[in-house]
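Remarks on the structure that follows.
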Amino acid sequence: MTQTYADGKFGEYGGQYVPEALMPAIEELTDAYQRYVLENEDGFMDDFRARLRDFGGRPTPTQYAERLSERYDREVYLKREDLLHGGAHKLNNALGQVLLAKYMGKERIVAETGAGQHGTATAMAAAHLDMPCEIYMGETDINRQRPNVFRMRLNGSEVNPVTTGRGTLKEAISETMRDWATNVEDTHYVIGSVVGPHPFPAMVRDFQAVISEEARRQVREKTGGLPDSVLACAGGGSNTMGAFANFVDDEGVGLYAVEAGGSSLDVDEEAGVAPNSASLSTGEEGVLHGARTKILQDTDGQIMESHSVSAGLDYAGVGPELARLVDDGRVNAVNVDDDGALEAFHRLSQLEGIIPALESAHAFGYLEENYDDLGDVVLVNVSGRGDKDLETVIEETEKRDIDAAPSLAEFSGGF
Amino acid sequence: MGDESENTTAANPELAAAFADGPAFVPYLAAGDPDYESSLQYVEALERGGADVIELGLPFSEPIAEGPTIQSAVVRALEGGMTPDRFFEFVEDLAVDVPLVCMTYYNLIYQYGDEPGPRPFVERAAEVGLSGFVVPDLPAEEADPLREACDEFGLDLVFIVAPTTRGERLERIMSQVSGYVYVQARLGVTGAQDDVSGQTEQSLDRLADYDVPKAVGFGIKTGEHAERIVAGGADGIIVGSALVDIVADGAKDGESADAVAERLESKARELKQGALRGYDQRVPQAEGK
């Protein structure tokens, strides 16, 4: 957490692979990150913390999960980021970056979104801080996350559909970079995860690190010690790095980044499709969206189309710091497939009264399959709530035979 | 202003020569758009239309610096089966004499061949006779490995200078560039525009003291644009989207490759003539020409 990586490199990963037109803005941002975030100039971090508390509702609780603990015969704790304003951890970063943009004198915000969680968080933060905001979202994602599109519009943001490629997060990031390259002088790009060129991976991690800062203290208060394992789902990796950052130096704490195994870990090289989003588990080193990291690519280096039942994990890359931590053996890259995530979604809904985001459900899928290896005290990050996923869940549940699932047939076709 | 006929930075004499007498017309097409055979014909048509250097795009799935026109070209070329290996065959199959510059994104360069890093790609590029590279997502900060490989095999590395590039950044880029510098005429992504940006003149002013040919690109669409930009001091013009539009229309309307090639040749001629007119307007100030 305390490492700052001044050169923007995490070992061989990271860096700044962006068009020259963006480099001056990135230098300006790097300087602002150093002064406002790392050195608290003008009381920026105090302002940020106060807004996270009053506007965001922090701290979020760390809850003892009674029935899961019983089921797995160990203590299971839930870090309840689903209770943060907006229903996901995304606000931590969005609020931090929009506020930073304000301190930098920028006049306009652009952001990409996959599941719509980062888009809604950015739209809320932009409304809260009175900044005009445009969100780029792939058409496929717009269709599977309509409630979030509506929320962004309610907060006064414009939502621009991206029709290139498969119309998911990868294309939305590319399109937002193009907007930024065009309007770089007055616009800040609020990137939604620990990806992209330096300083984004480090800065987004620092904004999200409040998750593990609180959780570490809260678990200690409840148990007198640290957890044996921390589980978080990993797409781009922002809730993952947020949940891990303050545990990285605690060598006894096992860290598990649970990726989307999708429908299969096998790759269809011919079609350019990886039916999963497991860049840490199966990806190769390469350069995507401004950073060297692990990516899903074919042997030529063309980026593959990824897949996950969860739009928020559906991305062909991952944060460079996570790639480094996995190479170093500090973080375990594991994965859970679509079926396992859906089962876990229903299980958590019924056992604990918490409807999790499909993203977060992956972490619970891993707990179900591997609880024996995770020690006596397990902390799971509930990165977001699942309201946005209800239509997907109805559709995907109908295709499968899931023991824990109630009958959803009457809801088929929407509400 | 320095004397353009003396380019001391060029590692590849062919590329330097293309700028040596008169303004260089540098058209761009995506290799393999919309298919291999037609694309060969199209690139050859550009040479007949007066190209002095040709930038050949090797399509990458995430072209973050490109506007809609070239994004669509990339999709067509990828669907047509273009790959790095096919691209090198394409260069070998081309019957053109002007120097060719490969424009692509770093991941394709980095992944090519058996060892990680840019060397195998550059080695193969040298074998097939390419003269240099433009890599839009590789700023000077990350360019050392590619620069070294280019030096080893005698290829040029062209850098893009944006309207936002100033001061130390500019110096750093200009110390690494060779062949020519790609002056980005406006902020944004590639794409044909209806006017010429005022940002161009300011960029050319900032570059006036550097003795590397300055080729202006981004948004040039007509012979008149070309004329004004060369009259304003550019040593060359780079035109992509306005040409790719012709390929796109041809693909959409099912036009014959011959007809598309003819239209490309005539558009190329219009642009080259524009550049020459612009050059005539400033001959009184130019030295040694």
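Ordering of the structure tokens sets the chain letters (A, B, ...), residue numbers begin anew at 1 in every chain, and ligands are numbered from 1 in the order given.
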Enumerate, in order of chain and increasing residue number, the residues of chain A with an atom no farther than 6 Å from chain B, each with its shortest atom pair and distance in Å to one decimal, counting only C-alpha atoms, as CSV.
```
residue,atom,partner,partner_atom,distance
A:Tyr17,CA,B:Asp137,CA,5.2
A:Val18,CA,B:Asp137,CA,4.4
A:Pro19,CA,B:Asp137,CA,4.6
A:Glu20,CA,B:Pro139,CA,5.6
A:Ala21,CA,B:Ala162,CA,5.0
A:Ser174,CA,B:Ile64,CA,5.2
A:Ala181,CA,B:Gly188,CA,4.9
A:Thr182,CA,B:Gly188,CA,3.4
A:Gly286,CA,B:Asn107,CA,5.9
A:Val287,CA,B:Asn107,CA,5.1
A:Gly301,CA,B:Leu108,CA,5.0
A:Gln302,CA,B:Ser61,CA,5.6
A:Ile303,CA,B:Ser61,CA,6.0
```
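One finds atom CA of Arg166 of chain A at 21.8 Å from atom CA of Ala251 of chain B.
Note that the spacing between atom CA of Gly278 of chain B and atom CA of Ala208 of chain B amounts to 17.6 Å.
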Strand (DSSP E) residues, from DSSP on the backbone, in segment 223-339 of chain A, as a ChimeraX atom specification: /A:229-234,254-262,284-288,290-295,331-337
Secondary structure check, helix (DSSP H, G or I) residues of segment 64-101 of chain A, as a list in words: Glu66, Arg67, Leu68, Ser69, Glu70, Arg71, Tyr72, Glu81, Asp82, Leu83, Lys90, Leu91, Asn92, Asn93, Ala94, Leu95, Gly96, Gln97, Val98, Leu99, Leu100 and Ala101 of chain A
Selection near segment 237-248 of chain B, 7 Å with only C-alpha atoms, sequence-local residues under 3 positions removed, as JSON, numbers by chain: {"B": [24, 25, 26, 27, 28, 29, 69, 70, 73, 190, 191, 192, 215, 216, 217, 220, 221, 226, 251, 252, 260, 264]}
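Atom CA of Pro197 of chain A lies 25.1 Å from atom CA of Glu139 of chain A.
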Pick from B:Leu100, B:Gln281, B:Ala257, B:Gly232 nearest to Asp35 of chain B, counting only C-alpha atoms: B:Ala257
Spatial neighbours of Gly340 of chain A, 12 Å, only C-alpha atoms, chain gap at least 6 places, as an MDAnalysis selection string: chainID A and resid 258:264 308:310 346:347 358:369 396:397 400:404
If you count only C-alpha atoms, which residues fall within 10 Å of segment 293-299 of chain A, apart from same-chain ones fewer than 4 positions away, as a PyMOL selection string? (chain A and resi 10+12-15+195-196+267-274+276-289+303-306+315-324) or (chain B and resi 61+107-108+111-113)
Using only C-alpha atoms, please write the residues we just selected to a file, as a PDB file, in the first residue's frame.
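Okay, again-v2.pdb is ready:
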```pdb
ATOM      1  CA  PHE A  10       5.310  -2.721 -11.243  1.00  0.00           C
ATOM      2  CA  GLU A  12       7.954  -5.237 -15.932  1.00  0.00           C
ATOM      3  CA  TYR A  13       4.261  -4.306 -15.814  1.00  0.00           C
ATOM      4  CA  GLY A  14       2.616  -0.900 -15.996  1.00  0.00           C
ATOM      5  CA  GLY A  15       4.062   2.040 -17.893  1.00  0.00           C
ATOM      6  CA  VAL A 195      -5.863  -0.265 -15.311  1.00  0.00           C
ATOM      7  CA  GLY A 196      -4.548   2.169 -17.911  1.00  0.00           C
ATOM      8  CA  VAL A 267      -9.618 -20.295 -26.085  1.00  0.00           C
ATOM      9  CA  ASP A 268     -10.952 -20.254 -29.633  1.00  0.00           C
ATOM     10  CA  GLU A 269      -7.943 -18.761 -31.366  1.00  0.00           C
ATOM     11  CA  GLU A 270      -9.564 -18.925 -34.796  1.00  0.00           C
ATOM     12  CA  ALA A 271     -12.577 -16.872 -33.729  1.00  0.00           C
ATOM     13  CA  GLY A 272     -10.497 -14.598 -31.491  1.00  0.00           C
ATOM     14  CA  VAL A 273     -12.700 -15.449 -28.527  1.00  0.00           C
ATOM     15  CA  ALA A 274     -11.748 -16.363 -24.977  1.00  0.00           C
ATOM     16  CA  ASN A 276     -13.786 -16.208 -19.980  1.00  0.00           C
ATOM     17  CA  SER A 277     -12.255 -13.100 -18.466  1.00  0.00           C
ATOM     18  CA  ALA A 278      -9.426 -14.771 -16.590  1.00  0.00           C
ATOM     19  CA  SER A 279      -6.464 -12.618 -17.664  1.00  0.00           C
ATOM     20  CA  LEU A 280      -4.449 -13.353 -14.510  1.00  0.00           C
ATOM     21  CA  SER A 281      -5.069 -17.110 -14.711  1.00  0.00           C
ATOM     22  CA  THR A 282      -4.675 -17.643 -18.444  1.00  0.00           C
ATOM     23  CA  GLY A 283      -3.504 -14.368 -20.048  1.00  0.00           C
ATOM     24  CA  GLU A 284      -0.082 -13.516 -21.425  1.00  0.00           C
ATOM     25  CA  GLU A 285       2.004 -10.413 -20.980  1.00  0.00           C
ATOM     26  CA  GLY A 286       1.223  -7.688 -23.477  1.00  0.00           C
ATOM     27  CA  VAL A 287       0.255  -4.055 -23.921  1.00  0.00           C
ATOM     28  CA  LEU A 288      -3.381  -2.939 -23.734  1.00  0.00           C
ATOM     29  CA  HIS A 289      -5.037   0.386 -22.936  1.00  0.00           C
ATOM     30  CA  ILE A 303      -6.888  -8.738 -28.211  1.00  0.00           C
ATOM     31  CA  MET A 304      -9.482 -11.464 -27.695  1.00  0.00           C
ATOM     32  CA  GLU A 305     -13.142 -10.928 -26.999  1.00  0.00           C
ATOM     33  CA  SER A 306     -13.683 -11.964 -23.393  1.00  0.00           C
ATOM     34  CA  TYR A 315     -12.575  -7.496 -19.743  1.00  0.00           C
ATOM     35  CA  ALA A 316      -9.509  -8.820 -21.581  1.00  0.00           C
ATOM     36  CA  GLY A 317      -6.966  -7.131 -19.309  1.00  0.00           C
ATOM     37  CA  VAL A 318      -6.241  -6.619 -15.625  1.00  0.00           C
ATOM     38  CA  GLY A 319      -4.420  -4.105 -13.455  1.00  0.00           C
ATOM     39  CA  PRO A 320      -0.620  -4.263 -13.830  1.00  0.00           C
ATOM     40  CA  GLU A 321       0.009  -4.320 -10.069  1.00  0.00           C
ATOM     41  CA  LEU A 322      -2.155  -7.433  -9.726  1.00  0.00           C
ATOM     42  CA  ALA A 323      -0.216  -9.060 -12.554  1.00  0.00           C
ATOM     43  CA  ARG A 324       2.963  -8.327 -10.624  1.00  0.00           C
TER      44      ARG A 324
ATOM     45  CA  SER B  61      -7.874  -4.931 -32.690  1.00  0.00           C
ATOM     46  CA  ASN B 107       1.435  -5.047 -28.800  1.00  0.00           C
ATOM     47  CA  LEU B 108       1.711  -6.530 -32.306  1.00  0.00           C
ATOM     48  CA  GLN B 111       4.412 -10.196 -29.492  1.00  0.00           C
ATOM     49  CA  TYR B 112       5.943 -11.104 -32.866  1.00  0.00           C
ATOM     50  CA  GLY B 113       8.402 -13.978 -33.118  1.00  0.00           C
TER      51      GLY B 113
END
```
Could you list, as a list in words, every residue within 12 Å of Asp258 of chain B, counting only C-alpha atoms and ignoring same-chain residues fewer than 2 positions away? Glu37, Ser38, Ser39, Leu40, Gln41, Tyr42, Glu44, Ala45, Val247, Gly250, Gly254, Glu255, Ser256, Val260, Ala261, Glu262, Arg263, Leu264 and Glu265 of chain B
